[in-house]
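Student: See model.cif below, with mmCIF, C-alpha atoms.
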data_protein
#
loop_
_atom_site.label_atom_id
_atom_site.label_comp_id
_atom_site.auth_asym_id
_atom_site.auth_seq_id
_atom_site.Cartn_x
_atom_site.Cartn_y
_atom_site.Cartn_z
CA MET A 1126 87.48 14.93 -4.19
CA PRO A 1127 87.97 13.64 -0.65
CA ARG A 1128 88.22 16.24 2.11
CA TRP A 1129 91.73 16.52 3.58
CA THR A 1130 91.98 15.75 7.28
CA PRO A 1131 95.24 16.14 9.21
CA ALA A 1132 96.67 12.97 10.62
CA PRO A 1133 96.28 12.53 14.39
CA TRP A 1134 100.02 12.94 14.92
CA ALA A 1135 100.00 16.23 12.95
CA MET A 1136 97.10 17.55 15.00
CA ALA A 1137 98.95 16.66 18.20
CA ILE A 1138 102.05 18.53 17.06
CA MET A 1139 100.06 21.62 16.10
CA ALA A 1140 98.18 21.62 19.38
CA SER A 1141 101.41 21.18 21.33
CA ALA A 1142 103.04 24.09 19.48
CA PHE A 1143 100.00 26.31 20.05
CA PHE A 1144 99.79 25.65 23.76
CA SER A 1145 103.55 25.98 24.16
CA CYS A 1146 103.47 29.45 22.62
CA PHE A 1147 100.37 30.34 24.60
CA SER A 1148 101.92 29.22 27.88
CA ALA A 1149 104.95 31.43 27.19
CA VAL A 1150 102.70 34.47 27.52
CA ALA A 1151 102.99 35.79 31.07
CA PHE A 1152 99.54 36.78 32.28
CA ALA A 1153 99.18 39.34 35.07
CA GLU A 1154 96.80 37.89 37.63
CA ASP A 1155 95.71 41.28 38.96
CA GLU A 1156 94.99 42.69 35.46
CA PRO A 1157 92.48 40.58 33.54
CA GLY A 1158 93.12 40.60 29.82
CA THR A 1159 96.79 41.58 30.21
CA PHE A 1160 99.63 39.44 28.89
CA ARG A 1161 103.29 39.85 28.02
CA ILE A 1162 104.52 39.31 24.47
CA PRO A 1163 107.20 36.59 24.61
CA GLY A 1164 110.74 37.83 24.10
CA THR A 1165 109.86 41.49 24.74
CA THR A 1166 109.24 43.88 27.62
CA THR A 1167 105.82 44.78 26.18
CA THR A 1168 102.48 43.90 27.73
CA LEU A 1169 99.15 44.13 25.93
CA THR A 1170 95.80 44.73 27.61
CA LEU A 1171 92.50 43.99 25.92
CA SER A 1172 89.47 45.75 27.42
CA GLY A 1173 85.85 46.37 26.59
CA TYR A 1174 82.31 45.23 27.18
CA ALA A 1175 78.94 44.56 25.60
CA GLN A 1176 76.22 46.80 27.04
CA LEU A 1177 72.50 47.35 26.61
CA ASP A 1178 70.84 50.59 27.76
CA VAL A 1179 67.08 50.93 28.12
CA ALA A 1180 65.47 54.37 28.56
CA TYR A 1181 61.81 55.12 29.24
CA ASP A 1182 60.64 58.73 29.08
CA PHE A 1183 57.40 59.47 30.89
CA LYS A 1184 57.21 62.96 29.40
CA SER A 1185 58.97 64.00 26.19
CA ARG A 1186 62.52 63.41 25.02
CA ASN A 1187 65.06 64.66 22.51
CA PRO A 1188 63.44 63.53 19.22
CA TYR A 1189 66.75 62.80 17.46
CA VAL A 1190 67.79 59.64 19.30
CA GLU A 1191 69.24 57.94 16.21
CA ALA A 1192 71.19 60.69 14.43
CA ASP A 1193 72.02 62.65 17.58
CA ASP A 1194 71.87 61.36 21.16
CA TYR A 1195 69.56 59.11 23.12
CA ALA A 1196 71.24 59.97 26.44
CA ILE A 1197 70.23 62.98 28.49
CA ILE A 1198 71.03 66.47 27.24
CA ALA A 1199 69.25 68.78 29.67
CA ALA A 1200 69.82 71.75 27.35
CA ARG A 1201 67.55 70.06 24.78
CA ILE A 1202 64.64 68.89 26.92
CA PRO A 1203 61.51 69.67 24.86
CA LEU A 1204 59.60 72.66 26.22
CA ASN A 1205 56.28 71.85 27.89
CA ALA A 1206 54.39 73.94 25.31
CA SER A 1207 55.98 72.13 22.35
CA TYR A 1208 54.50 69.32 20.30
CA GLU A 1209 57.18 66.90 21.53
CA ALA A 1210 56.10 67.40 25.16
CA ARG A 1211 52.35 67.65 24.59
CA LYS A 1212 51.91 64.67 22.27
CA LYS A 1213 54.84 62.31 22.78
CA SER A 1214 54.74 60.80 26.25
CA GLY A 1215 55.66 57.30 27.36
CA GLN A 1216 58.54 56.58 24.96
CA LEU A 1217 60.84 53.55 25.12
CA TYR A 1218 64.32 53.17 23.57
CA LEU A 1219 66.80 50.28 23.64
CA THR A 1220 70.36 50.52 22.33
CA ALA A 1221 73.68 48.67 22.47
CA ARG A 1222 75.67 51.57 21.03
CA THR A 1223 77.51 52.20 24.31
CA SER A 1224 79.40 48.90 23.95
CA ARG A 1225 83.13 49.44 23.50
CA ILE A 1226 86.46 47.79 22.75
CA GLY A 1227 90.00 48.91 23.59
CA LEU A 1228 93.61 47.81 23.32
CA SER A 1229 96.58 49.27 25.18
CA SER A 1230 100.27 48.44 25.45
CA LEU A 1231 103.11 49.23 27.84
CA THR A 1232 106.79 48.75 27.02
CA THR A 1233 109.49 49.24 29.63
CA THR A 1234 112.89 50.53 28.55
CA ARG A 1235 115.99 51.67 30.38
CA TRP A 1236 114.99 55.34 30.31
CA VAL A 1237 111.21 55.58 29.84
CA ASP A 1238 108.03 53.53 29.75
CA ILE A 1239 106.26 53.69 26.40
CA GLY A 1240 102.48 53.37 26.39
CA ALA A 1241 99.77 53.42 23.72
CA ARG A 1242 96.01 53.08 23.76
CA VAL A 1243 93.24 52.88 21.17
CA GLU A 1244 89.57 52.65 22.18
CA ALA A 1245 86.30 52.88 20.28
CA ASP A 1246 82.59 52.56 20.92
CA PHE A 1247 79.54 52.65 18.64
CA TRP A 1248 78.08 55.99 19.63
CA SER A 1249 78.48 57.72 16.27
CA GLY A 1250 74.95 58.91 15.54
CA ASN A 1251 73.78 58.54 11.95
CA LEU A 1252 70.55 58.32 10.00
CA LEU A 1253 71.38 54.74 8.97
CA SER A 1254 70.95 53.46 12.53
CA SER A 1255 67.34 52.67 11.80
CA GLN A 1256 65.21 50.92 14.40
CA GLU A 1257 63.04 49.59 11.58
CA PHE A 1258 65.77 47.43 10.03
CA SER A 1259 69.16 46.40 11.40
CA ASN A 1260 69.79 48.96 14.17
CA SER A 1261 73.29 49.42 12.73
CA VAL A 1262 75.53 52.05 14.25
CA LEU A 1263 78.94 53.40 13.29
CA ALA A 1264 82.12 52.94 15.29
CA ARG A 1265 83.47 56.09 16.97
CA LEU A 1266 87.03 56.85 18.07
CA ARG A 1267 87.25 57.59 21.79
CA HIS A 1268 90.93 57.40 22.68
CA ALA A 1269 94.07 57.14 20.52
CA TYR A 1270 97.28 58.28 22.19
CA GLY A 1271 100.83 57.41 23.13
CA THR A 1272 102.78 58.20 26.29
CA LEU A 1273 106.39 58.50 27.39
CA SER A 1274 106.70 58.20 31.19
CA GLY A 1275 109.78 58.65 33.29
CA LYS A 1276 111.32 60.23 36.35
CA TYR A 1277 110.55 63.76 35.21
CA GLY A 1278 106.94 63.32 34.18
CA MET A 1279 104.81 62.03 31.33
CA LEU A 1280 104.37 63.25 27.76
CA LEU A 1281 101.05 62.35 26.12
CA VAL A 1282 100.40 62.81 22.40
CA GLY A 1283 97.05 61.95 20.82
CA GLN A 1284 93.37 62.03 21.72
CA THR A 1285 91.93 61.42 25.18
CA TRP A 1286 89.93 63.18 27.91
CA SER A 1287 90.50 66.94 27.97
CA THR A 1288 93.08 68.08 30.52
CA PHE A 1289 90.38 70.42 31.86
CA MET A 1290 88.44 67.45 33.24
CA ASP A 1291 88.71 65.82 36.67
CA LEU A 1292 87.65 62.22 36.18
CA ASN A 1293 87.89 61.51 39.92
CA ALA A 1294 85.03 63.95 40.56
CA ALA A 1295 82.87 62.88 37.60
CA ALA A 1296 79.25 62.13 38.49
CA GLN A 1297 78.39 58.42 38.74
CA THR A 1298 75.25 57.97 36.63
CA VAL A 1299 73.62 55.18 34.66
CA ASP A 1300 72.89 57.71 31.91
CA PHE A 1301 75.76 57.82 29.43
CA ASN A 1302 76.04 61.64 29.46
CA GLY A 1303 75.22 62.59 33.04
CA PRO A 1304 74.87 66.21 34.16
CA GLY A 1305 75.80 68.97 31.72
CA SER A 1306 77.23 71.36 34.32
CA GLY A 1307 80.85 70.54 33.47
CA PRO A 1308 83.09 69.29 30.66
CA GLY A 1309 82.70 65.89 29.07
CA LEU A 1310 84.90 65.80 26.00
CA ARG A 1311 87.90 64.08 24.48
CA MET A 1312 90.43 66.15 22.55
CA PRO A 1313 93.48 65.72 20.30
CA MET A 1314 96.34 67.23 22.29
CA VAL A 1315 99.93 67.41 23.40
CA ARG A 1316 100.14 67.20 27.20
CA TYR A 1317 102.99 67.15 29.68
CA THR A 1318 102.36 66.13 33.30
CA ILE A 1319 104.93 67.24 35.86
CA PRO A 1320 105.30 65.59 39.30
CA LEU A 1321 105.57 68.13 42.12
CA PRO A 1322 106.29 67.91 45.87
CA ALA A 1323 103.58 66.92 48.38
CA ASN A 1324 101.99 64.50 45.89
CA PHE A 1325 100.92 67.30 43.53
CA THR A 1326 100.92 67.00 39.73
CA LEU A 1327 100.65 69.78 37.15
CA ALA A 1328 99.42 69.00 33.64
CA LEU A 1329 99.92 71.52 30.81
CA ALA A 1330 98.34 70.93 27.42
CA ALA A 1331 97.72 72.40 23.99
CA GLU A 1332 94.40 71.01 22.71
CA ASN A 1333 92.55 71.20 19.42
CA ALA A 1334 90.80 74.55 18.89
CA PRO A 1335 87.08 74.71 17.99
CA GLY A 1336 87.52 75.44 14.28
CA THR A 1337 84.77 75.96 11.75
CA ASP A 1338 82.49 73.19 13.02
CA GLN A 1339 81.88 74.62 16.49
CA ASN A 1340 79.36 77.11 17.90
CA GLY A 1341 77.14 77.10 14.81
CA ILE A 1342 79.77 78.89 12.74
CA THR A 1343 80.55 77.45 9.31
CA ASP A 1344 82.48 78.31 6.16
CA GLY A 1345 79.29 78.23 4.15
CA PRO A 1346 75.62 79.17 4.54
CA GLY A 1347 74.49 78.44 8.07
CA THR A 1348 71.62 79.04 10.44
CA LYS A 1349 73.33 81.89 12.24
CA THR A 1350 75.80 83.95 10.22
CA PRO A 1351 76.26 82.94 6.56
CA TYR A 1352 79.74 82.70 5.10
CA THR A 1353 81.55 83.37 8.35
CA ARG A 1354 85.18 82.44 7.79
CA LYS A 1355 86.06 81.00 11.18
CA VAL A 1356 89.65 79.86 11.48
CA GLN A 1357 91.95 78.03 13.89
CA ARG A 1358 95.11 80.01 14.61
CA ILE A 1359 96.16 78.85 18.07
CA PRO A 1360 95.26 75.78 20.16
CA ASP A 1361 93.25 75.82 23.35
CA LEU A 1362 95.63 76.09 26.30
CA VAL A 1363 94.82 74.09 29.44
CA ALA A 1364 96.37 73.68 32.90
CA HIS A 1365 95.32 71.22 35.61
CA LEU A 1366 96.71 71.02 39.16
CA GLU A 1367 95.83 67.98 41.28
CA THR A 1368 96.74 66.21 44.50
CA GLY A 1369 95.34 63.20 46.31
CA GLY A 1370 95.77 60.49 48.88
CA LYS A 1371 93.77 57.97 50.91
CA TRP A 1372 91.40 60.79 51.83
CA GLY A 1373 90.50 61.43 48.18
CA SER A 1374 91.58 64.08 45.69
CA ILE A 1375 91.20 67.76 44.84
CA SER A 1376 92.00 69.60 41.64
CA ALA A 1377 91.78 72.98 39.91
CA GLY A 1378 91.84 73.65 36.19
CA GLY A 1379 91.92 76.51 33.75
CA VAL A 1380 91.37 76.82 29.99
CA THR A 1381 91.54 79.58 27.42
CA THR A 1382 90.09 79.27 23.92
CA HIS A 1383 90.45 81.64 20.98
CA TYR A 1384 87.58 82.59 18.65
CA ASP A 1385 88.93 84.04 15.42
CA ASN A 1386 87.25 85.31 12.24
CA MET A 1387 89.15 86.09 9.05
CA ASP A 1388 86.65 88.74 7.97
CA SER A 1389 83.00 89.60 8.45
CA PRO A 1390 80.26 88.55 5.99
CA THR A 1391 79.90 92.19 4.92
CA GLY A 1392 83.57 92.58 4.08
CA GLY A 1393 84.63 94.19 7.34
CA ALA A 1394 87.84 93.71 9.25
CA SER A 1395 88.82 90.54 11.07
CA TYR A 1396 87.77 90.17 14.69
CA SER A 1397 88.51 87.75 17.50
CA LYS A 1398 87.75 87.05 21.14
CA GLN A 1399 89.42 85.08 23.93
CA GLY A 1400 87.20 82.81 26.01
CA TRP A 1401 88.21 81.32 29.34
CA GLY A 1402 87.07 78.88 31.99
CA ALA A 1403 88.01 77.63 35.44
CA SER A 1404 87.09 74.58 37.49
CA LEU A 1405 87.43 73.35 41.07
CA SER A 1406 86.55 69.80 42.09
CA THR A 1407 87.05 67.22 44.80
CA ALA A 1408 86.29 63.59 45.60
CA LEU A 1409 86.34 62.86 49.34
CA ASN A 1410 86.27 59.41 50.97
CA VAL A 1411 83.87 59.51 53.92
CA PHE A 1412 83.52 56.34 56.04
CA GLY A 1413 83.57 54.07 53.01
CA ASP A 1414 81.38 56.37 50.92
CA THR A 1415 82.41 59.07 48.43
CA PHE A 1416 81.33 62.69 48.13
CA ARG A 1417 82.11 64.43 44.83
CA VAL A 1418 81.68 68.12 44.01
CA SER A 1419 82.65 69.92 40.82
CA VAL A 1420 82.18 73.60 39.89
CA THR A 1421 82.87 74.94 36.40
CA GLY A 1422 82.44 78.48 35.11
CA GLY A 1423 83.72 81.06 32.67
CA ARG A 1424 83.00 83.16 29.62
CA GLY A 1425 82.79 81.58 26.19
CA LEU A 1426 83.29 78.06 27.56
CA GLY A 1427 81.42 76.43 24.68
CA ARG A 1428 82.20 72.71 24.53
CA TYR A 1429 84.17 72.87 27.81
CA MET A 1430 80.74 72.94 29.47
CA PHE A 1431 78.52 70.18 28.09
CA ALA A 1432 75.31 72.18 28.66
CA ALA A 1433 76.70 75.17 26.75
CA GLY A 1434 77.74 73.12 23.75
CA SER A 1435 77.36 74.86 20.40
CA ALA A 1436 74.42 77.10 21.29
CA GLN A 1437 75.65 79.09 24.29
CA GLY A 1438 79.40 79.42 23.98
CA VAL A 1439 79.73 82.35 21.60
CA THR A 1440 77.40 84.39 19.39
CA ASP A 1441 78.72 85.89 16.16
CA THR A 1442 76.87 89.16 15.46
CA GLY A 1443 78.57 89.65 12.08
CA ASP A 1444 81.14 92.16 13.29
CA ARG A 1445 82.13 90.79 16.70
CA PHE A 1446 81.97 87.76 18.98
CA VAL A 1447 79.79 87.96 22.09
CA LEU A 1448 80.74 85.39 24.74
CA TRP A 1449 78.20 83.78 27.04
CA ASP A 1450 78.75 83.72 30.81
CA ALA A 1451 78.05 80.32 32.37
CA ILE A 1452 78.54 78.56 35.68
CA GLY A 1453 77.47 75.11 36.79
CA TYR A 1454 78.04 72.52 39.48
CA HIS A 1455 77.17 68.99 40.49
CA ALA A 1456 77.22 67.25 43.87
CA ASN A 1457 77.34 63.45 44.01
CA TYR A 1458 77.04 61.25 47.10
CA THR A 1459 77.89 57.56 46.67
CA HIS A 1460 76.84 55.10 49.37
CA VAL A 1461 78.31 51.58 49.31
CA TRP A 1462 75.82 49.12 50.80
CA ASN A 1463 78.08 46.08 50.46
CA THR A 1464 80.52 44.54 47.99
CA GLN A 1465 77.77 44.18 45.37
CA PHE A 1466 75.48 47.20 45.77
CA ARG A 1467 76.14 50.95 45.66
CA SER A 1468 73.81 53.92 45.17
CA ASN A 1469 74.23 57.51 44.02
CA VAL A 1470 72.36 60.77 44.35
CA VAL A 1471 73.49 63.49 41.93
CA TRP A 1472 72.21 67.08 41.96
CA SER A 1473 73.26 69.57 39.29
CA GLN A 1474 72.46 73.15 38.25
CA THR A 1475 73.72 75.28 35.36
CA PHE A 1476 73.18 79.03 34.94
CA PHE A 1477 73.69 81.29 31.91
CA GLY A 1478 73.99 85.07 31.74
CA ASN A 1479 71.89 86.70 29.02
CA ASN A 1480 74.86 88.38 27.38
CA GLY A 1481 74.63 86.51 24.11
CA ALA A 1482 71.60 88.44 22.88
CA SER A 1483 71.94 91.26 20.38
CA SER A 1484 70.60 93.75 22.92
CA PRO A 1485 69.18 93.69 26.49
CA GLU A 1486 65.72 94.58 25.13
CA ARG A 1487 65.54 91.47 22.95
CA PRO A 1488 66.61 88.45 24.98
CA TYR A 1489 66.58 85.02 23.43
CA ALA A 1490 63.28 83.21 23.86
CA PRO A 1491 61.23 80.61 21.99
CA THR A 1492 58.93 81.90 19.26
CA PHE A 1493 55.73 80.52 17.79
CA SER A 1494 55.44 79.15 14.24
CA THR A 1495 52.11 79.78 12.49
CA GLU A 1496 53.03 77.10 9.93
CA THR A 1497 53.50 74.23 12.38
CA MET A 1498 51.46 75.80 15.21
CA ASP A 1499 54.28 74.86 17.52
CA ILE A 1500 57.00 76.40 19.66
CA VAL A 1501 60.20 77.13 17.71
CA ASP A 1502 62.96 76.57 20.23
CA PRO A 1503 66.45 78.00 19.63
CA GLU A 1504 67.81 75.91 22.54
CA VAL A 1505 69.00 78.95 24.48
CA ASN A 1506 68.60 78.48 28.22
CA LYS A 1507 68.67 80.51 31.40
CA GLN A 1508 68.88 77.66 33.91
CA LEU A 1509 69.12 73.85 33.92
CA VAL A 1510 68.27 71.54 36.83
CA GLU A 1511 69.13 67.82 36.97
CA LEU A 1512 68.58 65.09 39.58
CA TYR A 1513 69.84 61.50 39.25
CA VAL A 1514 69.07 58.69 41.73
CA ASN A 1515 70.49 55.25 40.94
CA THR A 1516 71.66 51.88 42.20
CA PHE A 1517 74.31 49.60 40.70
CA TRP A 1518 74.46 45.86 41.28
CA THR A 1519 77.88 44.30 40.59
CA LEU A 1520 77.15 40.62 40.24
CA ASN A 1521 80.84 39.78 39.75
CA ARG A 1522 83.87 41.14 37.93
CA GLN A 1523 82.24 40.64 34.54
CA VAL A 1524 78.57 41.54 35.03
CA GLU A 1525 76.96 44.74 36.35
CA PHE A 1526 73.42 46.14 36.24
CA GLY A 1527 72.19 49.67 36.93
CA LEU A 1528 68.81 51.36 37.42
CA GLU A 1529 68.24 55.12 37.58
CA TYR A 1530 65.53 57.75 37.84
CA THR A 1531 66.24 61.20 36.37
CA PHE A 1532 64.41 64.48 36.72
CA GLY A 1533 65.42 67.34 34.44
CA GLN A 1534 64.15 70.84 33.87
CA ARG A 1535 65.23 73.70 31.64
CA HIS A 1536 64.21 77.35 31.85
CA THR A 1537 64.61 79.65 28.86
CA PHE A 1538 65.02 83.41 28.69
CA GLY A 1539 61.89 85.43 28.01
CA ASN A 1540 60.50 88.93 27.92
CA ASP A 1541 58.86 89.80 31.24
CA GLU A 1542 56.53 92.27 29.51
CA VAL A 1543 54.89 89.50 27.52
CA SER A 1544 52.38 87.11 29.06
CA GLY A 1545 50.26 84.34 27.67
CA PRO A 1546 51.00 82.38 24.50
CA CYS A 1547 53.60 83.47 21.96
CA VAL A 1548 52.43 86.02 19.39
CA PRO A 1549 53.99 86.07 15.90
CA GLY A 1550 56.45 88.94 15.61
CA ILE A 1551 56.59 89.41 19.39
CA LEU A 1552 58.96 87.70 21.77
CA CYS A 1553 57.55 84.93 23.91
CA PRO A 1554 57.57 84.68 27.69
CA ALA A 1555 60.05 82.38 29.39
CA GLU A 1556 59.29 78.70 28.85
CA VAL A 1557 59.95 75.56 30.87
CA GLY A 1558 60.75 72.04 29.74
CA THR A 1559 60.40 69.06 32.13
CA MET A 1560 61.71 65.52 31.86
CA HIS A 1561 61.08 62.31 33.85
CA ARG A 1562 63.12 59.30 32.77
CA VAL A 1563 64.00 55.82 34.01
CA THR A 1564 67.19 54.29 32.60
CA SER A 1565 68.57 50.80 33.09
CA THR A 1566 71.81 49.25 31.89
CA ALA A 1567 73.35 45.78 31.68
CA ARG A 1568 77.11 45.50 31.13
CA PHE A 1569 79.10 42.33 30.38
CA ASN A 1570 82.86 42.88 30.55
CA LEU A 1571 85.19 40.83 28.36
CA PHE A 1572 87.22 39.83 31.41
#
Write the structure described by the file as structure tokens, please.

Tutor:
Amino acid sequence: MPRWTPAPWAMAIMASAFFSCFSAVAFAEDEPGTFRIPGTTTTLTLSGYAQLDVAYDFKSRNPYVEADDYAIIAARIPLNASYEARKKSGQLYLTARTSRIGLSSLTTTRWVDIGARVEADFWSGNLLSSQEFSNSVLARLRHAYGTLSGKYGMLLVGQTWSTFMDLNAAAQTVDFNGPGSGPGLRMPMVRYTIPLPANFTLALAAENAPGTDQNGITDGPGTKTPYTRKVQRIPDLVAHLETGGKWGSISAGGVTTHYDNMDSPTGGASYSKQGWGASLSTALNVFGDTFRVSVTGGRGLGRYMFAAGSAQGVTDTGDRFVLWDAIGYHANYTHVWNTQFRSNVVWSQTFFGNNGASSPERPYAPTFSTETMDIVDPEVNKQLVELYVNTFWTLNRQVEFGLEYTFGQRHTFGNDEVSGPCVPGILCPAEVGTMHRVTSTARFNLF
């Protein structure tokens, strides 16, 4: 049977109709990827990029780069006495999982502006992302929210960056995670932002509570307290006050989170605890450069401090919650050399109080396994230190490269009365884990 081919006149008509419709779309010159839908007051913006990250560890790294995280988590730097640090040096890893795609819309009406955004990347760690075969990774939801904006403020409903965060003061690193001294999380929420005099804004939000999958507490057998019935009764409550201008910005935030247990594993009464956190941050413009400082601290912060995560937010003893004290900061100086090159120096420290242990006489510390002849590390830290030094080269609007050196060190709690190697049945002395890494990135924007 002969293959059907449109007549030249039909092809001309189709092409004319296509380009006529396409030309009716009003593109915004100052917003690449943005166009107006004909016959409506709605604009759509397509965003995203393809990115390759390359990391080389001179001394040890988190061994779970596929199912967990290849980027830096200072709280999980292998201890110098562990097998990972002693035997696995000089490791290379390449990944494109930080690539992302997003779509947003904005519709203007008589009373309010209606916005929506959905964004995903490919950071969802899984054991199928094998380096031996296809290097496949799973898509991960980053943002999915809608907004109603008007004269009296903005209502946001959906998932986006936690209201506790100050994105203006976020550290500028090549590494995807960056320092763990502050928050770095996206949350499902309901948020209302109120405009105030003197260019201030106040954001109030109710965000998703930790639930059963946070802080090592599960509804079934777990590694900490078996059959702990952790529940979600009230949301996390967050407030964020911010102001800014040509000089930069400054903000303060507060969060409270509720830890609640239906009953103890031994049949005791229910118990609960209220955690809290506070933050203060600024981004100052100094002669064309930028100086950023952020301080975060509190009790029972958990995921609201990246370095605390699931291990050092709260400890469930079986009849009560014990909250960890934590405080951390980062300082970031950005120097702009010219329109194409900029460099950053980031210094960060995080400190934990040893109040999560069952008693002052038995602080958390790594122990020694006679089976594996290796350090067994519970990932409980006393202090974290991080240094990032990088340079970004912006070739043009679509292409950017980055190169960074990172030094990281973690110090664990120990028993001062013990010296030398760990002894089975006896607590170990404090341990140290050290990291040296070089990371590079290449990003190609869609527009």

Student: Which residues are near Tyr1384 of chain A? Cut-off 7 Å, all atoms listed in the file, ignore same chain within fewer than 4 positions. Put them as a PDB file with C-alpha atoms, in the coordinates of the input.

Tutor:
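What follows is the written file selection15.pdb:
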ATOM      1  CA  SER A1397      88.510  87.750  17.500  1.00  0.00           C
ATOM      2  CA  LYS A1398      87.750  87.050  21.140  1.00  0.00           C
ATOM      3  CA  GLN A1399      89.420  85.080  23.930  1.00  0.00           C
TER       4      GLN A1399
END

Student: When you count all atoms listed in the file, which of these residues is closest to Thr1440 of chain A: A:Gly1413, A:Gly1527, A:Gly1425, A:Gly1373?

Tutor: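 Going through A:Gly1413, A:Gly1527, A:Gly1425, A:Gly1373 one by one, the smallest distance to Thr1440 of chain A is for A:Gly1425.
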
Student: Convert the output of the PyMOL selection byres ((chain A and resi 1247) around 9) on the shown file into explicit residues, formatted as a PDB file with C-alpha atoms, in the frame of the given file.

Tutor:
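Here's the written file out-v3.pdb:
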ATOM      1  CA  ALA A1221      73.680  48.670  22.470  1.00  0.00           C
ATOM      2  CA  ARG A1222      75.670  51.570  21.030  1.00  0.00           C
ATOM      3  CA  THR A1223      77.510  52.200  24.310  1.00  0.00           C
ATOM      4  CA  SER A1224      79.400  48.900  23.950  1.00  0.00           C
ATOM      5  CA  ARG A1225      83.130  49.440  23.500  1.00  0.00           C
ATOM      6  CA  ALA A1245      86.300  52.880  20.280  1.00  0.00           C
ATOM      7  CA  ASP A1246      82.590  52.560  20.920  1.00  0.00           C
ATOM      8  CA  TRP A1248      78.080  55.990  19.630  1.00  0.00           C
ATOM      9  CA  SER A1249      78.480  57.720  16.270  1.00  0.00           C
ATOM     10  CA  GLY A1250      74.950  58.910  15.540  1.00  0.00           C
ATOM     11  CA  VAL A1262      75.530  52.050  14.250  1.00  0.00           C
ATOM     12  CA  LEU A1263      78.940  53.400  13.290  1.00  0.00           C
ATOM     13  CA  ALA A1264      82.120  52.940  15.290  1.00  0.00           C
ATOM     14  CA  ARG A1265      83.470  56.090  16.970  1.00  0.00           C
ATOM     15  CA  LEU A1266      87.030  56.850  18.070  1.00  0.00           C
TER      16      LEU A1266
END

Student: With all atoms listed in the file as the atoms that count, which of A:Thr1170, A:Thr1531, A:Thr1159, A:Gln1284 lies nearest to Trp1472 of chain A?

Tutor: A:Thr1531

Student: Determine the nearest neighbour of Ser1172 of chain A from the options A:Ser1259, A:Gln1437, A:Ser1229, A:Thr1459, counting only C-alpha atoms.

Tutor: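 Among the listed residues, the smallest separation from Ser1172 of chain A belongs to A:Ser1229.
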
Student: Between atom CA of Leu1204 of chain A and atom CA of Thr1559 of chain A, measure the distance and give it in Å to one decimal.

Tutor: 7.0 Å

Student: Report the residues retrieved by the PyMOL selection byres ((chain A and resi 1556) around 8) from the displayed file, expressed as number ranges by chain.

Tutor: A: 1204-1206, 1490-1491, 1536-1539, 1554-1555, 1557-1558

Student: For those residues, write C-alpha atoms to a file as a JSON list (two decimals), in the frame of the given file.

Tutor:
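The resulting result.json:
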[["chain", "number", "residue", "atom", "x", "y", "z"],
["A", 1204, "LEU", "CA", 59.60, 72.66, 26.22],
["A", 1205, "ASN", "CA", 56.28, 71.85, 27.89],
["A", 1206, "ALA", "CA", 54.39, 73.94, 25.31],
["A", 1490, "ALA", "CA", 63.28, 83.21, 23.86],
["A", 1491, "PRO", "CA", 61.23, 80.61, 21.99],
["A", 1536, "HIS", "CA", 64.21, 77.35, 31.85],
["A", 1537, "THR", "CA", 64.61, 79.65, 28.86],
["A", 1538, "PHE", "CA", 65.02, 83.41, 28.69],
["A", 1539, "GLY", "CA", 61.89, 85.43, 28.01],
["A", 1554, "PRO", "CA", 57.57, 84.68, 27.69],
["A", 1555, "ALA", "CA", 60.05, 82.38, 29.39],
["A", 1557, "VAL", "CA", 59.95, 75.56, 30.87],
["A", 1558, "GLY", "CA", 60.75, 72.04, 29.74]]

Student: Considering all atoms listed in the file, state which residue in the set A:Ala1377, A:Val1447, A:Val1190, A:Ile1500 is at the smallest distance from Gln1216 of chain A.

Tutor: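 Of all the options, A:Val1190 lies closest to Gln1216 of chain A.
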
Student: Identify all residues satisfying the PyMOL selection byres ((chain A and resi 1329-1336) around 8) in the given file; provide them as a compact mmCIF listing (two decimals) with C-alpha atoms, keeping the file's coordinate frame.

Tutor:
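So part-v4.txt came out as:
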# COMPACT_ATOMS: atom_id res chain seq x y z
CA SER A 1287 90.50 66.94 27.97
CA THR A 1288 93.08 68.08 30.52
CA MET A 1312 90.43 66.15 22.55
CA PRO A 1313 93.48 65.72 20.30
CA MET A 1314 96.34 67.23 22.29
CA VAL A 1315 99.93 67.41 23.40
CA ARG A 1316 100.14 67.20 27.20
CA TYR A 1317 102.99 67.15 29.68
CA THR A 1318 102.36 66.13 33.30
CA LEU A 1327 100.65 69.78 37.15
CA ALA A 1328 99.42 69.00 33.64
CA THR A 1337 84.77 75.96 11.75
CA ASP A 1338 82.49 73.19 13.02
CA GLN A 1339 81.88 74.62 16.49
CA LYS A 1355 86.06 81.00 11.18
CA VAL A 1356 89.65 79.86 11.48
CA GLN A 1357 91.95 78.03 13.89
CA ILE A 1359 96.16 78.85 18.07
CA PRO A 1360 95.26 75.78 20.16
CA ASP A 1361 93.25 75.82 23.35
CA LEU A 1362 95.63 76.09 26.30
CA VAL A 1363 94.82 74.09 29.44
CA ALA A 1364 96.37 73.68 32.90
CA HIS A 1365 95.32 71.22 35.61
CA THR A 1382 90.09 79.27 23.92
CA HIS A 1383 90.45 81.64 20.98
CA TYR A 1384 87.58 82.59 18.65

Student: Could you please give me, as a ChimeraX atom specification, the residues of protein, DNA or RNA lying at most 12 Å from (60.8, 55.2, 27.3) in the coordinate frame of the file, considering only C-alpha atoms?

Tutor: /A:1178-1188,1190,1195-1196,1213-1220,1530,1560-1565
